[in-house]
Amino acid sequence: MKRFTYLFSLTLTAFILAAAVIIGCEGPAGPAGAAGADGKDGIDGTDGVDANATCTECHNEDSDVFVKSLQTGNSKHMTGGAFERSDADCAACHTHEGFLDRMESGEMEASADIKQPSPPQCRTCHKIHINYDASDFAIRYPDPVELWINSVTVDLGVSNMCANCHQPRIPEPMYVIGGDSIDIDNMRWGPHHGPQSAMLYGTSAYEVAGSVSYPTPGGTTHASAGCTQCHMPDAYGNQAGGHTFAMSYEYHGSEEDWVAGCTDCHSTIEDFDYNGVQTQVSTLLDSLHHVLMNEGLLDEDGYLVADDDAPLRVSPEEAGFLYNFKFIEEDLSMGVHNPGYAMALLKNSLEALSN
C-alpha cells in the first residue's frame with residue numbers, strides 16, 4: 001500500500017510539473033515602470049507619382065502619338081534604311097544603336113559592330129521615356145553640326161538632327177586641289193548617299209571658278225527653312241509629309257509631289273520643278289555625265305570606271321569634277337535643295353572641262 005501511495009505521489013507531482021510547463025507559471029504583475037523617452041520624428045517620404053497620370057500625358061485619347069508612329073513606320077528610315085548594314089562603319093547612320101553610340105563618342109563610326117540592330121526610330125531623334133512627360137519629345141541632338149568632309153559648321157535649326165547623318169562622307173582617297181593625282185579603286189567613290197545638308201547649306205563641293213558665282217554658304221532661304229519645313233508639313237496619310245519625311249505620294253496610280261511644305265513661300269507651286277529648276281539641273285547633270293564619260297571617267301550608268309584590279313588614276317581637278325557629279329546626283333533633289341549652288345557647280349564644271 002505504501003509502495004502504491006509513493007508511486008501515485010510521484011505520478012501526481014510529474015503531472016503537476018508538466019501542467020505548469022504547458023500552462024506557464026506566472027505570479028501577479030509588478031508596478032509599471034517609468035515611460036521611456038519619445039523617439040525622433042522621421043522625415044516624410046516624397047509623394048509617389050500616379051503612374052497612370054504620368055503615362056496619360058502622352059498615351060491618351062489624343063491620336064497624335066499613334067498617327068506619328070504610323071507615319072514613322074512607313075518612312076524610309078524604317079523601311080528602306082538598310083539597317084542590316086550593321087558593321088561599325090555603316091551602323092553609325094544605318095542603325096539606331098550605332099548612331100547613338102557614335103554621337104556619344106564623337107567619332108565617325110560606332111565603337112563596334114551592332115549584333116542586334118534596329119532601324120532609326122522614334123528614340124533615335126527624341127528623348128522618349130526619359131522624363132515621362134512632353135519634354136521627352138525634345139530633339140536629342142539639336143546643336144549645329146561640323147561636317148566631316150571640310151569641318152564647316154552648318155546650322156539648320158531643328159534640322160541639325162538630320163545633318164548628323166545626311167552629310168557627305170570623306171571619299172577614300174580624298175582629292176586636294178593643287179596636290180597629287182590619286183588612284184580610285186571604287187566605282188562608287190564620292191560623297192556616299194547623304195550629302196543633302198551640305199547641298200542645302202551650300203558647301204563641300206569642288207567650287208571651280210567660272211562665270212557663275214556661288215551663293216554664300218547658309219545664306220539661302222532653303223537653308224533657313226532646314227529640312228523639316230518641306231519634309232514634315234501636314235501629312236498625306238502615311239505616304240508623305242509628317243514623320244514619313246517623304247515628298248511624294250501615290251494617287252490613283254500616279255506619283256504626285258507633296259508640296260504642302262512649299263506653299264508658304266511659293267503660293268503657286270504645283271510640283272517640284274518650280275521655275276523649271278529640276279529640268280535645268282537634270283539637263284546640266286546629263287551634260288556633265290556625258291563629258292566625264294567621254295573622258296573615260298564614268299560609265300553610262302554614272303559609276304566611276306574603277307575597281308581593285310584597274311584603279312582609276314585622276315588629277316585632283318578631275319576628281320573634283322567627278323565629286324561634283326556624284327554630289328548633285330546623290331543629293332536626289334535635282335537642284336531643289338539649293339538651286340544656286342547646284343547650277344553654279346554644274347555650269348562652272350562644264351566650262352572648265354570645255355577649255
# chains A, B, ... in the order shown; residues from 1 in each chain; ligands from 1
>>> select_by_dssp(residues="stretch 64-238 of chain A", states="helix (DSSP H, G or I)", output="NGL selection string")
:A and (64-73 or 76-79 or 88-94 or 96-105 or 122-125 or 134-137 or 157-163 or 196-201 or 221-225 or 228-231)
>>> residues_around(residues="A:Pro120", least_positions_apart="6", cutoff="6 Å", atoms="only C-alpha atoms", output="list of chain:residue names")
A:His77, A:Thr95, A:His96
>>> atom_distance(atom1="atom CA of A:Cys90", atom2="atom CA of A:Glu317")
28.6 Å
>>> closest_residue(among="A:Gly190, A:Pro311, A:Pro144, A:Gly98", to="A:Thr124", atoms="only C-alpha atoms")
A:Gly98
>>> residues_around(residues="A:Ala260", least_positions_apart="5", cutoff="10 Å", atoms="only C-alpha atoms", output="JSON list (two decimals) with N, CA and C atoms, in the first residue's frame")
[["chain", "number", "residue", "atom", "x", "y", "z"],
["A", 229, "GLN", "N", 10.73, 71.97, -92.72],
["A", 229, "GLN", "CA", 9.63, 72.75, -93.27],
["A", 229, "GLN", "C", 9.04, 72.08, -94.51],
["A", 230, "CYS", "N", 9.89, 71.53, -95.35],
["A", 230, "CYS", "CA", 9.39, 70.91, -96.59],
["A", 230, "CYS", "C", 9.13, 69.42, -96.43],
["A", 231, "HIS", "N", 9.92, 68.74, -95.61],
["A", 231, "HIS", "CA", 9.77, 67.29, -95.48],
["A", 231, "HIS", "C", 8.75, 66.89, -94.41],
["A", 232, "MET", "N", 8.36, 67.83, -93.54],
["A", 232, "MET", "CA", 7.47, 67.46, -92.44],
["A", 232, "MET", "C", 6.25, 68.37, -92.30],
["A", 233, "PRO", "N", 5.63, 68.77, -93.42],
["A", 233, "PRO", "CA", 4.38, 69.53, -93.28],
["A", 233, "PRO", "C", 3.27, 68.57, -92.88],
["A", 234, "ASP", "N", 2.03, 69.08, -92.80],
["A", 234, "ASP", "CA", 0.91, 68.19, -92.51],
["A", 234, "ASP", "C", 0.96, 67.00, -93.46],
["A", 235, "ALA", "N", 0.71, 65.82, -92.91],
["A", 235, "ALA", "CA", 0.93, 64.59, -93.67],
["A", 235, "ALA", "C", -0.21, 64.28, -94.63],
["A", 236, "TYR", "N", 0.13, 63.55, -95.68],
["A", 236, "TYR", "CA", -0.85, 62.95, -96.58],
["A", 236, "TYR", "C", -0.95, 61.49, -96.16],
["A", 240, "ALA", "N", 3.16, 60.70, -97.23],
["A", 240, "ALA", "CA", 4.04, 61.85, -97.45],
["A", 240, "ALA", "C", 3.87, 62.84, -96.31],
["A", 241, "GLY", "N", 4.90, 63.68, -96.12],
["A", 241, "GLY", "CA", 4.86, 64.69, -95.07],
["A", 241, "GLY", "C", 4.92, 64.07, -93.68],
["A", 247, "MET", "N", 8.38, 63.03, -99.91],
["A", 247, "MET", "CA", 7.97, 64.21, -100.65],
["A", 247, "MET", "C", 7.02, 63.88, -101.80],
["A", 267, "SER", "N", 3.41, 80.28, -103.40],
["A", 267, "SER", "CA", 1.96, 80.07, -103.34],
["A", 267, "SER", "C", 1.39, 79.41, -104.59],
["A", 269, "ILE", "N", 3.00, 77.10, -106.48],
["A", 269, "ILE", "CA", 3.72, 75.87, -106.83],
["A", 269, "ILE", "C", 2.76, 74.69, -106.99],
["A", 270, "GLU", "N", 3.01, 73.89, -108.00],
["A", 270, "GLU", "CA", 2.19, 72.69, -108.24],
["A", 270, "GLU", "C", 3.03, 71.41, -108.19]]
>>> residues_around(residues="A:Ala82", least_positions_apart="6", cutoff="10 Å", atoms="only C-alpha atoms", output="ChimeraX atom specification")
/A:76,90-91,93-95,118-119
>>> atom_distance(atom1="atom CA of A:Cys262", atom2="atom CA of A:His243")
16.5 Å
>>> decode(residues="stretch 57-109 of chain A", atoms="C-alpha atoms", output="PDB file, in the first residue's frame")
ATOM      1  CA  GLU A  57       0.368  62.776 -70.585  1.00  0.00           C
ATOM      2  CA  CYS A  58       1.278  61.154 -73.926  1.00  0.00           C
ATOM      3  CA  HIS A  59      -0.801  57.976 -74.118  1.00  0.00           C
ATOM      4  CA  ASN A  60      -4.375  59.235 -74.075  1.00  0.00           C
ATOM      5  CA  GLU A  61      -7.390  59.590 -76.320  1.00  0.00           C
ATOM      6  CA  ASP A  62      -5.459  62.062 -78.469  1.00  0.00           C
ATOM      7  CA  SER A  63      -4.305  60.111 -81.540  1.00  0.00           C
ATOM      8  CA  ASP A  64      -1.152  62.189 -82.108  1.00  0.00           C
ATOM      9  CA  VAL A  65       1.369  59.597 -80.895  1.00  0.00           C
ATOM     10  CA  PHE A  66      -0.399  56.826 -82.813  1.00  0.00           C
ATOM     11  CA  VAL A  67      -0.519  58.876 -86.030  1.00  0.00           C
ATOM     12  CA  LYS A  68       3.166  59.785 -85.855  1.00  0.00           C
ATOM     13  CA  SER A  69       4.042  56.148 -85.189  1.00  0.00           C
ATOM     14  CA  LEU A  70       2.164  55.127 -88.332  1.00  0.00           C
ATOM     15  CA  GLN A  71       3.984  57.755 -90.363  1.00  0.00           C
ATOM     16  CA  THR A  72       7.389  56.781 -88.978  1.00  0.00           C
ATOM     17  CA  GLY A  73       6.703  53.135 -89.706  1.00  0.00           C
ATOM     18  CA  ASN A  74       6.190  53.987 -93.367  1.00  0.00           C
ATOM     19  CA  SER A  75       9.268  56.205 -93.664  1.00  0.00           C
ATOM     20  CA  LYS A  76      12.414  55.115 -95.458  1.00  0.00           C
ATOM     21  CA  HIS A  77      14.199  55.319 -92.125  1.00  0.00           C
ATOM     22  CA  MET A  78      12.170  52.261 -91.136  1.00  0.00           C
ATOM     23  CA  THR A  79      11.522  50.556 -94.473  1.00  0.00           C
ATOM     24  CA  GLY A  80      14.460  51.438 -96.685  1.00  0.00           C
ATOM     25  CA  GLY A  81      17.299  52.380 -94.373  1.00  0.00           C
ATOM     26  CA  ALA A  82      19.180  49.108 -94.875  1.00  0.00           C
ATOM     27  CA  PHE A  83      19.768  48.657 -91.145  1.00  0.00           C
ATOM     28  CA  GLU A  84      21.216  45.219 -91.775  1.00  0.00           C
ATOM     29  CA  ARG A  85      24.353  47.186 -92.658  1.00  0.00           C
ATOM     30  CA  SER A  86      25.367  46.987 -89.029  1.00  0.00           C
ATOM     31  CA  ASP A  87      29.159  46.904 -89.208  1.00  0.00           C
ATOM     32  CA  ALA A  88      30.720  49.698 -87.160  1.00  0.00           C
ATOM     33  CA  ASP A  89      31.222  51.960 -90.196  1.00  0.00           C
ATOM     34  CA  CYS A  90      27.724  51.741 -91.687  1.00  0.00           C
ATOM     35  CA  ALA A  91      25.917  51.276 -88.359  1.00  0.00           C
ATOM     36  CA  ALA A  92      26.812  54.834 -87.376  1.00  0.00           C
ATOM     37  CA  CYS A  93      23.909  56.066 -89.522  1.00  0.00           C
ATOM     38  CA  HIS A  94      22.056  52.953 -90.667  1.00  0.00           C
ATOM     39  CA  THR A  95      21.128  51.721 -87.169  1.00  0.00           C
ATOM     40  CA  HIS A  96      19.612  53.291 -84.081  1.00  0.00           C
ATOM     41  CA  GLU A  97      22.188  51.723 -81.780  1.00  0.00           C
ATOM     42  CA  GLY A  98      25.200  52.654 -83.882  1.00  0.00           C
ATOM     43  CA  PHE A  99      24.030  56.234 -84.282  1.00  0.00           C
ATOM     44  CA  LEU A 100      23.627  56.835 -80.528  1.00  0.00           C
ATOM     45  CA  ASP A 101      26.980  55.155 -79.929  1.00  0.00           C
ATOM     46  CA  ARG A 102      28.932  57.379 -82.296  1.00  0.00           C
ATOM     47  CA  MET A 103      27.078  60.553 -81.292  1.00  0.00           C
ATOM     48  CA  GLU A 104      28.093  59.987 -77.679  1.00  0.00           C
ATOM     49  CA  SER A 105      31.699  59.195 -78.620  1.00  0.00           C
ATOM     50  CA  GLY A 106      32.060  61.980 -81.181  1.00  0.00           C
ATOM     51  CA  GLU A 107      33.585  59.567 -83.679  1.00  0.00           C
ATOM     52  CA  MET A 108      32.523  58.930 -87.290  1.00  0.00           C
ATOM     53  CA  GLU A 109      31.907  55.233 -86.639  1.00  0.00           C
TER      54      GLU A 109
END
